[in-house]
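Taking it in order: structure first as structure tokens, then the write-up.
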Amino acid sequence: MNNSTPSLFATLENIIVAAASWIWGLPLLFLLMGGGLFFMFLSRFLPFRYLGHALNILRGKYDNPDDPGEINHFEALSTALAATIGMGNISGVAVAITIGGPGAIFWMWISAFVGMATKFFTCTLAVLYRGKDSQGRIQGGPMYVIMEGLGQKWKPLAVFFCVAALLGCLPIFNANQLTQAVRDILLVPNGVPVGHFSNFATGLGLCLVTGTVVLGGLDRIAKAAGRLVPTMVLIYFGAVMVILVMHFQEIPHYINLIFSDAFTARFYRGDSILGGALGGLIVQGARRAAFSNEAGIGTAPMAHGAAKTSEPVREGLVAMMGPAIDTLIVCSLTALAILFTGVWSSTEANGVTLTANAFGEAFPGFGQYILLLCILIFGMTSLFSYSYFGSKCLSFLIGADKKFYYNYFYIASIMLGAMSSLNAIINLIDFSYALMAIPTMLSALLLAPRVMKVSRDYFARMAGEI
């Protein structure tokens, strides 16, 4: 029995890894990257021309408390960013560099630009086609877009999204990496014994803090996110800027390396995809970018669909800033810190430990603690937000009066993440994200002409104010 149990877990892990690798090959590359490029060219880059207007919307210039919805534009973006700005920005980027080398960052950047167009379309649709749950409350998200925009006959696609999201929205990756961070940054360097008990204790603490917030509902989640997201970005930005200044002489070398390695894949360590290492590198960059900013996956439309607005295009413009903040800024900061300090090529560390090594190299004696503070804020806000997305999906499937059951399952799953291996966890979430992307992107592609129709109408009406 003792010998068969590890073998069973190893077999399951191998199946998960193989499934994630297959679906994140040509199928998802075509759907996410190809779909995003389609949105960019269909719109003729229209939303990109209105970034200033998007900022005015975000700062509340067009807020109307009588508009339908639950939270304002800033809280909607903060809730979405609280979910996306998390361990994917710290640990996910480290995984991308470990497997793909510096060139993976270039393809993450490309995916982010494409993702901005995708976010505009999917989140405009999330407000344009809001529905009502079983208790009569207005709700948004891919499942409602499918039902309200495509019709009842498409309900199986909406159900498919919700079932995939119940797994994809679990906090197991964040719990896993938070536990690793506490172990490798706080406990091990200070001589504290680590093992199953320390992982269990960390997981239990995460359960208690997360439960306090998520059981309070969307209002408590949004308020926590609104306070913590700006703070965590500023702290992280300040720390990495110091690292960049300390290694400013390395800037030309590594910027050049990012661009050159993007097409040579010299440092790629993964499986060949689409005929070679370059294909694998492109997929690795797109995969990690999707995990980081979730453009096309479907969680952000659930947050932005709750925004107080009667103008769908406004929320699409606000949502479009998500990948820019998340991937172009925060992920780039992590990548540059790892590259400039040289730890990416001088250690065998992976995940959050690699990023911790970079901070420790830059700030000997205390750098890893700065990162730990950022990790705790990043990770906890992600833990808070994803419960909201999963409960919305359960509400759609079995009724709004039963959605609270997901929160209990969600909180309990934190323990699974704290006690499991990184490889199994990250591939399980990647596979679930891929399944979520299928209905999200298919519905957005089918309804894209309607987004363009309301966009032309909106910008024509706003011509005198913008």
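Letters A, B, ... mark the chains of the structure tokens in the order given; residue numbers begin at 1 per chain; ligand numbers begin at 1, in order shown.
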
message: At a cut-off of 9 Å, using only C-alpha atoms, what residues contact Pro47 (chain A)? Leave out same-chain residues fewer than 5 positions from it and give the result as a PyMOL selection string.
response: chain A and resi 40+116-117+120+316-317+320+455

task: Could you check which of A:Gly168, A:Gly367, A:Pro189, A:Gly399 is closest to Glu294 (chain A), using only C-alpha atoms?
output: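 Selected residue with least distance to Glu294 (chain A): A:Gly168.
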
Any chance you could tabulate, as a tab-separated table, the residues of region 113-186 of chain A at most 12 Å from region 24-39 of chain A with each one's nearest atom pair and distance in Å to one decimal, using only C-alpha atoms, in chain and rising number order?
```
residue	atom	partner	partner_atom	distance
A:Phe113	CA	A:Gly36	CA	8.7
A:Val114	CA	A:Gly36	CA	5.0
A:Gly115	CA	A:Gly36	CA	6.2
A:Met116	CA	A:Gly36	CA	8.2
A:Ala117	CA	A:Phe39	CA	5.9
A:Thr118	CA	A:Gly36	CA	5.2
A:Lys119	CA	A:Gly36	CA	8.9
A:Phe120	CA	A:Phe39	CA	8.9
A:Phe121	CA	A:Phe39	CA	7.4
A:Thr122	CA	A:Phe39	CA	10.1
```

query: What gap, in Å, lies between CA of Gly342 (chain A) and CA of Glu361 (chain A)?
result: 8.8 Å

query: From the set A:Gly417, A:Pro301, A:Gly211, A:Gly52, which residue has the shortest atom-to-atom contact distance to Lys392 (chain A), counting only C-alpha atoms?
result: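 So, comparing all the options, the nearest one is A:Pro301.
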
- prompt: CA of Trp154 (chain A) and CA of Leu442 (chain A) are how many Å apart?
  reply: 11.1 Å

Exercise: Met246 (chain A) partners within 10 Å, only C-alpha atoms, chain neighbours under 3 positions left out, as a short mmCIF file (atom, residue, chain, number, x, y, z; two decimals) with N, CA and C atoms, in the first residue's frame:
```
data_model
loop_
_atom_site.label_atom_id
_atom_site.label_comp_id
_atom_site.auth_asym_id
_atom_site.auth_seq_id
_atom_site.Cartn_x
_atom_site.Cartn_y
_atom_site.Cartn_z
N VAL A 240 12.04 47.00 -6.92
CA VAL A 240 12.69 46.58 -8.17
C VAL A 240 13.40 47.74 -8.84
N MET A 241 12.86 48.95 -8.72
CA MET A 241 13.54 50.10 -9.31
C MET A 241 14.91 50.31 -8.68
N VAL A 242 15.01 50.05 -7.38
CA VAL A 242 16.32 50.14 -6.71
C VAL A 242 17.26 49.09 -7.30
N ILE A 243 16.76 47.89 -7.54
CA ILE A 243 17.58 46.83 -8.14
C ILE A 243 18.06 47.25 -9.53
N GLN A 249 24.08 49.22 -15.45
CA GLN A 249 25.01 48.92 -16.54
C GLN A 249 24.60 47.64 -17.28
N GLU A 250 23.74 46.82 -16.65
CA GLU A 250 23.31 45.57 -17.27
C GLU A 250 22.09 45.77 -18.18
N PHE A 340 18.76 40.77 -13.98
CA PHE A 340 19.84 41.71 -13.65
C PHE A 340 20.73 41.20 -12.52
N THR A 341 20.15 40.46 -11.58
CA THR A 341 20.95 39.95 -10.46
C THR A 341 21.70 38.68 -10.83
N ALA A 362 20.29 41.33 -4.30
CA ALA A 362 20.30 42.79 -4.40
C ALA A 362 20.38 43.46 -3.04
#
```

- prompt: Using only C-alpha atoms, which of A:Phe200, A:Tyr433, A:Tyr386, A:Phe396 sits nearest Ala158 (chain A)?
  reply: A:Phe396

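Every protein or nucleic acid residue with an atom no more than 7 Å from Ile71 (chain A), counting only C-alpha atoms and leaving out same-chain residues fewer than 5 positions away, appears here: Ala76, Ala306, Ala307 and Lys308 of chain A.
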
Give me a file of those residues, with N, CA and C atoms, as an mmCIF file, in the first residue's frame.
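Once everything was written out, this is result_28.cif:
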```cif
data_model
loop_
_atom_site.group_PDB
_atom_site.id
_atom_site.type_symbol
_atom_site.label_atom_id
_atom_site.label_comp_id
_atom_site.auth_asym_id
_atom_site.auth_seq_id
_atom_site.Cartn_x
_atom_site.Cartn_y
_atom_site.Cartn_z
ATOM 1 N N ALA A 76 -13.897 47.430 -9.462
ATOM 2 C CA ALA A 76 -13.961 46.308 -10.402
ATOM 3 C C ALA A 76 -12.570 45.971 -10.927
ATOM 4 N N ALA A 306 -19.669 43.191 -12.748
ATOM 5 C CA ALA A 306 -20.351 43.692 -11.550
ATOM 6 C C ALA A 306 -20.233 45.207 -11.403
ATOM 7 N N ALA A 307 -19.562 45.869 -12.360
ATOM 8 C CA ALA A 307 -19.329 47.309 -12.252
ATOM 9 C C ALA A 307 -20.621 48.111 -12.392
ATOM 10 N N LYS A 308 -20.697 49.219 -11.646
ATOM 11 C CA LYS A 308 -21.843 50.118 -11.748
ATOM 12 C C LYS A 308 -21.695 50.982 -12.996
#
```

task: Enumerate the residues of region 166-290 of chain A with a DSSP assignment of helix (DSSP H, G or I), computed from the backbone, and present them as a PyMOL selection string.
output: chain A and resi 166-168+172-190+196-214+218-246+248-264+277-290

- prompt: Which value, in Å to one decimal, gives the distance between CA of Phe389 (chain A) and CA of Ala300 (chain A)?
  reply: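 So the answer is 8.7 Å.
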
Residue nearest Leu371 (chain A) among A:Ala112, A:Leu416, A:Ala358, A:Ile15 (counting only C-alpha atoms):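 When distances to Leu371 (chain A) are compared using only C-alpha atoms, the smallest one comes from A:Ala358.
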
message: For Gly149 (chain A), find every residue with an atom within 12 Å (counting only C-alpha atoms), except residues of its own chain fewer than 5 positions away, and show them as a PyMOL selection string.
response: chain A and resi 122+125-131+140-144+154-155+158+442-451

Could those residues be written to a file, using N, CA and C atoms, as a PDB file, in the first residue's frame?
```
ATOM      1  N   THR A 122     -14.020  41.055 -24.221  1.00  0.00           N
ATOM      2  CA  THR A 122     -14.703  40.160 -23.277  1.00  0.00           C
ATOM      3  C   THR A 122     -15.377  40.916 -22.146  1.00  0.00           C
ATOM      4  N   LEU A 125     -18.490  42.843 -23.360  1.00  0.00           N
ATOM      5  CA  LEU A 125     -19.584  41.882 -23.459  1.00  0.00           C
ATOM      6  C   LEU A 125     -20.143  41.528 -22.081  1.00  0.00           C
ATOM      7  N   ALA A 126     -19.282  41.514 -21.060  1.00  0.00           N
ATOM      8  CA  ALA A 126     -19.724  41.139 -19.713  1.00  0.00           C
ATOM      9  C   ALA A 126     -20.752  42.108 -19.158  1.00  0.00           C
ATOM     10  N   VAL A 127     -20.697  43.378 -19.591  1.00  0.00           N
ATOM     11  CA  VAL A 127     -21.691  44.372 -19.172  1.00  0.00           C
ATOM     12  C   VAL A 127     -22.846  44.428 -20.176  1.00  0.00           C
ATOM     13  N   LEU A 128     -22.524  44.290 -21.448  1.00  0.00           N
ATOM     14  CA  LEU A 128     -23.548  44.346 -22.493  1.00  0.00           C
ATOM     15  C   LEU A 128     -24.566  43.228 -22.326  1.00  0.00           C
ATOM     16  N   TYR A 129     -24.096  42.065 -21.950  1.00  0.00           N
ATOM     17  CA  TYR A 129     -24.983  40.907 -21.802  1.00  0.00           C
ATOM     18  C   TYR A 129     -24.974  40.397 -20.363  1.00  0.00           C
ATOM     19  N   ARG A 130     -25.326  41.269 -19.456  1.00  0.00           N
ATOM     20  CA  ARG A 130     -25.486  40.831 -18.081  1.00  0.00           C
ATOM     21  C   ARG A 130     -26.811  40.077 -17.948  1.00  0.00           C
ATOM     22  N   GLY A 131     -26.813  39.126 -17.039  1.00  0.00           N
ATOM     23  CA  GLY A 131     -28.034  38.383 -16.768  1.00  0.00           C
ATOM     24  C   GLY A 131     -28.423  38.525 -15.317  1.00  0.00           C
ATOM     25  N   GLY A 140     -22.625  39.327 -14.197  1.00  0.00           N
ATOM     26  CA  GLY A 140     -21.898  39.317 -15.461  1.00  0.00           C
ATOM     27  C   GLY A 140     -20.876  38.193 -15.486  1.00  0.00           C
ATOM     28  N   GLY A 141     -20.392  37.882 -16.654  1.00  0.00           N
ATOM     29  CA  GLY A 141     -19.403  36.818 -16.801  1.00  0.00           C
ATOM     30  C   GLY A 141     -19.660  36.035 -18.066  1.00  0.00           C
ATOM     31  N   PRO A 142     -18.711  35.217 -18.500  1.00  0.00           N
ATOM     32  CA  PRO A 142     -18.866  34.473 -19.747  1.00  0.00           C
ATOM     33  C   PRO A 142     -20.136  33.627 -19.809  1.00  0.00           C
ATOM     34  N   MET A 143     -20.561  33.045 -18.689  1.00  0.00           N
ATOM     35  CA  MET A 143     -21.758  32.199 -18.717  1.00  0.00           C
ATOM     36  C   MET A 143     -23.002  33.003 -19.041  1.00  0.00           C
ATOM     37  N   TYR A 144     -23.063  34.251 -18.546  1.00  0.00           N
ATOM     38  CA  TYR A 144     -24.203  35.106 -18.860  1.00  0.00           C
ATOM     39  C   TYR A 144     -24.093  35.699 -20.260  1.00  0.00           C
ATOM     40  N   TRP A 154     -27.173  27.555 -26.392  1.00  0.00           N
ATOM     41  CA  TRP A 154     -25.744  27.524 -26.082  1.00  0.00           C
ATOM     42  C   TRP A 154     -25.470  27.264 -24.607  1.00  0.00           C
ATOM     43  N   LYS A 155     -26.494  26.944 -23.830  1.00  0.00           N
ATOM     44  CA  LYS A 155     -26.308  26.754 -22.386  1.00  0.00           C
ATOM     45  C   LYS A 155     -25.246  25.711 -22.041  1.00  0.00           C
ATOM     46  N   ALA A 158     -22.049  27.394 -21.581  1.00  0.00           N
ATOM     47  CA  ALA A 158     -22.001  28.168 -20.334  1.00  0.00           C
ATOM     48  C   ALA A 158     -21.750  27.243 -19.142  1.00  0.00           C
ATOM     49  N   LEU A 442     -14.686  31.648 -27.611  1.00  0.00           N
ATOM     50  CA  LEU A 442     -15.657  31.342 -28.666  1.00  0.00           C
ATOM     51  C   LEU A 442     -16.830  32.321 -28.634  1.00  0.00           C
ATOM     52  N   SER A 443     -17.354  32.582 -27.453  1.00  0.00           N
ATOM     53  CA  SER A 443     -18.480  33.517 -27.342  1.00  0.00           C
ATOM     54  C   SER A 443     -18.058  34.926 -27.730  1.00  0.00           C
ATOM     55  N   ALA A 444     -16.848  35.337 -27.331  1.00  0.00           N
ATOM     56  CA  ALA A 444     -16.367  36.681 -27.679  1.00  0.00           C
ATOM     57  C   ALA A 444     -16.164  36.823 -29.182  1.00  0.00           C
ATOM     58  N   LEU A 445     -15.621  35.793 -29.812  1.00  0.00           N
ATOM     59  CA  LEU A 445     -15.415  35.847 -31.266  1.00  0.00           C
ATOM     60  C   LEU A 445     -16.749  35.921 -32.004  1.00  0.00           C
ATOM     61  N   LEU A 446     -17.720  35.151 -31.559  1.00  0.00           N
ATOM     62  CA  LEU A 446     -19.027  35.154 -32.216  1.00  0.00           C
ATOM     63  C   LEU A 446     -19.762  36.481 -32.030  1.00  0.00           C
ATOM     64  N   LEU A 447     -19.539  37.131 -30.880  1.00  0.00           N
ATOM     65  CA  LEU A 447     -20.260  38.370 -30.567  1.00  0.00           C
ATOM     66  C   LEU A 447     -19.432  39.629 -30.829  1.00  0.00           C
ATOM     67  N   ALA A 448     -18.239  39.468 -31.379  1.00  0.00           N
ATOM     68  CA  ALA A 448     -17.358  40.616 -31.625  1.00  0.00           C
ATOM     69  C   ALA A 448     -18.006  41.714 -32.470  1.00  0.00           C
ATOM     70  N   PRO A 449     -18.780  41.379 -33.527  1.00  0.00           N
ATOM     71  CA  PRO A 449     -19.416  42.461 -34.300  1.00  0.00           C
ATOM     72  C   PRO A 449     -20.333  43.342 -33.449  1.00  0.00           C
ATOM     73  N   ARG A 450     -20.955  42.767 -32.427  1.00  0.00           N
ATOM     74  CA  ARG A 450     -21.846  43.563 -31.576  1.00  0.00           C
ATOM     75  C   ARG A 450     -21.039  44.509 -30.682  1.00  0.00           C
ATOM     76  N   VAL A 451     -19.848  44.065 -30.288  1.00  0.00           N
ATOM     77  CA  VAL A 451     -18.976  44.959 -29.523  1.00  0.00           C
ATOM     78  C   VAL A 451     -18.590  46.154 -30.377  1.00  0.00           C
TER      79      VAL A 451
END
```

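Minimum atom-to-atom distance to Ser134 (chain A), evaluated using only C-alpha atoms, belongs to A:Ala400 out of A:Ala400, A:Val188, A:Met419, A:Leu281.
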
task: Name the residues of region 106-160 of chain A that fall into strand (DSSP E or B) according to DSSP on the backbone, using the chain letters and numbers of this document, as a ChimeraX atom specification.
output: /A:131-132,138-139

Could you please take those selected residues and save C-alpha atoms as a tab-separated table (two decimals), in the first residue's frame?
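Ended up saving to result17.tsv:
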```
chain	number	residue	atom	x	y	z
A	131	GLY	CA	-28.03	38.38	-16.77
A	132	LYS	CA	-29.77	37.69	-13.47
A	138	ILE	CA	-27.68	41.39	-11.98
A	139	GLN	CA	-24.60	39.31	-12.80
```
